[in-house]
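Novice: To start, I am sharing the structure in question, which I have written as structure tokens.
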Amino acid sequence: MALSRGLRCCARVFSWIPVLIITSVVLWSYYAYVFELCLFTISNTLEKVAYLLVFHVCFVMFSWTYWKAIFTPPASPCKKFHLSYSDKERYEREERPDGQKQILVDIAKRLPIFTRATSGAIRFCDRCQVLKPDRSHHCSVCETCVLKMDHHCPWVNNCVGFSNYKFFLLFLSYSMVYCVFISASVFRYFINFWVGDLPNGPAKFHVLFLMFVALMFLVSLMFLFGYHCWLVAKNRSTLEAFSAPVFPTGPDRNGFNVGIRRNLQQVFGDDKRLWFLPICTSQGDGHYFPLKSLSESSTSLLANEEKWEEEEEESEDDHMGGDRDPSVIIDMDEGEEEE
């Protein structure tokens with residue numbers, strides 16, 4: 001037990017290494033640009049002030065979004081999706097497997113769950129003891145179920161999901177802006193140092209290396225940012241792009257695609273003035289998402305959530321009343337674990 005706890009502690013420490021690498025590169029780029037380029041190399045005062053002003057705006061937005069992507073905790077399913085104490089007691093007292101399954105079915109019918117496991121079973125996490133909301137998955141690194149999990153990103157040492165997906169996208173976009181601005185403003189001095197028009201000195205190494213690093217990161221960021229823009233337009237997560245969500249009617253990669261405009265609003269919110277700020281404006285709470293097949297009747301994410309709450313109150317009054325499709329099964333042995 002002590003050895004296992006020690007290994008987990010070491011893993012958590014080492015998981016911060018990619019973040020420290022990015023932080024070190026960014027801090028060095030700050031020194032190289034502000035001091036070696038602007039203060040020690042550029043002689044024109046107006047050019048120097050303009051470069052410093054724009055650079056610091058880009059640097060602040062990059063740092064802000066990176067901070068939010070790292071330190072925004074991943075959202076987990078609320079208590080409504082957990083087995084309550086009374087439900088656990090009923091489940092443990094029930095000796096018949098069919099009776100145990102029916103207990104879980106009765107719990108699931110009060111919740112807005114539309115997706116299934118690949119076997120057709122209602123998705124249940126035996127580690128967290130929770131019925132998985134649509135688009136949620138269990139992360140073995142974070143050791144919890146994450147709402148609308150996209151992937152676990154080592155560069156932010158965090159799960160990218162419902163709570164911080166907007167921040168992650170803004171982090172990618174401002175990283176690109178940061179690299180583009182550095183590359184564009186450094187290029188002239190890079191050429192001057194390269195051909196020998198400027199004297200050799202400490203600034204030469206920093207300016208030359210700054211150009212190479214900015215271009216290297218820019219190329220990789222362009223592909224990653226473009227891929228996530230495509231995912232947002234299609235309303236898919238990275239996991240859903242590789243494995244289509246399964247509905248009662250079968251797998252459908254476009255099951256949550258309700259149009260580009262509404263897809264964008266789900267991630268960035270209704271107020272376009274706040275789209276480019278790392279402030280939480282995403283629609284809903286991550287437990288329910290409109291379906292393509294219900295897009296005509298479900299005109300709003302918030303309206304559907306209110307409908308869910310009303311139906312839940314009615315079902316609580318009726319307690320376990322009503323019938324459920326007996327073809328729905330609960331597969332307790334099948335567990336999903338995503339990294």
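So you can find residues: chains in the structure tokens are A, B, ... in the order shown, residues in each start at 1, and ligands are numbered from 1 in order.
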DSSP on the backbone: which residues in region 55-213 of chain A end up as alpha helix (DSSP H)? Give the answer as a ChimeraX atom specification.

Specialist: /A:55-71,85-93,97-108,165-195,202-213

Novice: Write out as a PDB file with C-alpha atoms, in the first residue's frame all residues of region 18-173 of chain A that DSSP puts in strand (DSSP E) for this structure's backbone.

Specialist:
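Heads up, here's the output in out33.pdb:
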```pdb
ATOM      1  CA  PHE A 124     -22.054   2.704 -15.696  1.00  0.00           C
ATOM      2  CA  CYS A 125     -18.696   3.395 -14.030  1.00  0.00           C
ATOM      3  CA  VAL A 130     -22.001   6.645 -11.198  1.00  0.00           C
ATOM      4  CA  LEU A 131     -24.247   6.397 -14.237  1.00  0.00           C
ATOM      5  CA  HIS A 137     -15.747   9.177 -19.641  1.00  0.00           C
ATOM      6  CA  HIS A 138     -13.582   7.895 -16.822  1.00  0.00           C
ATOM      7  CA  CYS A 139     -10.005   9.212 -16.814  1.00  0.00           C
ATOM      8  CA  THR A 144     -12.622  10.394 -11.914  1.00  0.00           C
ATOM      9  CA  CYS A 145     -15.380  10.578 -14.505  1.00  0.00           C
ATOM     10  CA  VAL A 146     -15.108  13.779 -16.543  1.00  0.00           C
ATOM     11  CA  HIS A 151      -8.689  14.040 -23.792  1.00  0.00           C
ATOM     12  CA  HIS A 152      -6.127  14.138 -21.004  1.00  0.00           C
ATOM     13  CA  CYS A 153      -3.479  16.649 -22.083  1.00  0.00           C
ATOM     14  CA  ASN A 158      -5.242  18.255 -16.791  1.00  0.00           C
ATOM     15  CA  CYS A 159      -8.252  16.653 -18.381  1.00  0.00           C
ATOM     16  CA  VAL A 160      -9.691  18.765 -21.172  1.00  0.00           C
TER      17      VAL A 160
END
```

Novice: Which residues come within 9 Å of Phe114 (chain A), counting only C-alpha atoms, excluding same-chain residues fewer than 6 positions away, as a count of residues only?

Specialist: 7

Novice: May I ask which of the residues A:Tyr31, A:Leu239, A:Ile42, A:Ser175 is the closest one to Phe59 (chain A), counting only C-alpha atoms?

Specialist: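 Of A:Tyr31, A:Leu239, A:Ile42, A:Ser175, the one nearest Phe59 (chain A) is A:Ser175, counting only C-alpha atoms.
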
Novice: Report as a count of residues only all protein, DNA and RNA residues lying within 9 Å of Leu52 (chain A), evaluated on only C-alpha atoms, omitting residues in the same chain fewer than 3 positions from it.

Specialist: 9

Novice: Write out as a list of chain:residue names which residues come within 10 Å of Leu231 (chain A) when counting only C-alpha atoms, dropping same-chain ones fewer than 5 positions away.

Specialist: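 Counting only the stated atoms, we get A:Phe225, A:Gly226, A:Arg236, A:Ser237, A:Thr238, A:Glu240, A:Ala241, A:Asn263.
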
Novice: With C-alpha atoms retained, export the selected residues as a compact mmCIF listing (two decimals), in the first residue's frame.

Specialist:
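Output (selection.txt):
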```txt
# COMPACT_ATOMS: atom_id res chain seq x y z
CA PHE A 225 -5.79 24.17 -33.58
CA GLY A 226 -7.19 23.34 -37.01
CA ARG A 236 -17.41 16.15 -31.45
CA SER A 237 -14.81 15.46 -28.81
CA THR A 238 -11.47 13.85 -29.62
CA GLU A 240 -15.94 10.76 -30.20
CA ALA A 241 -13.92 11.40 -33.36
CA ASN A 263 -22.23 24.09 -31.86
```

Novice: Out of A:Leu27, A:Val267, A:Cys10, A:Ala214, which residue has the shortest atom-to-atom distance to Ile279 (chain A) when counting only C-alpha atoms?

Specialist: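 Under the stated criterion, the closest residue is A:Val267.
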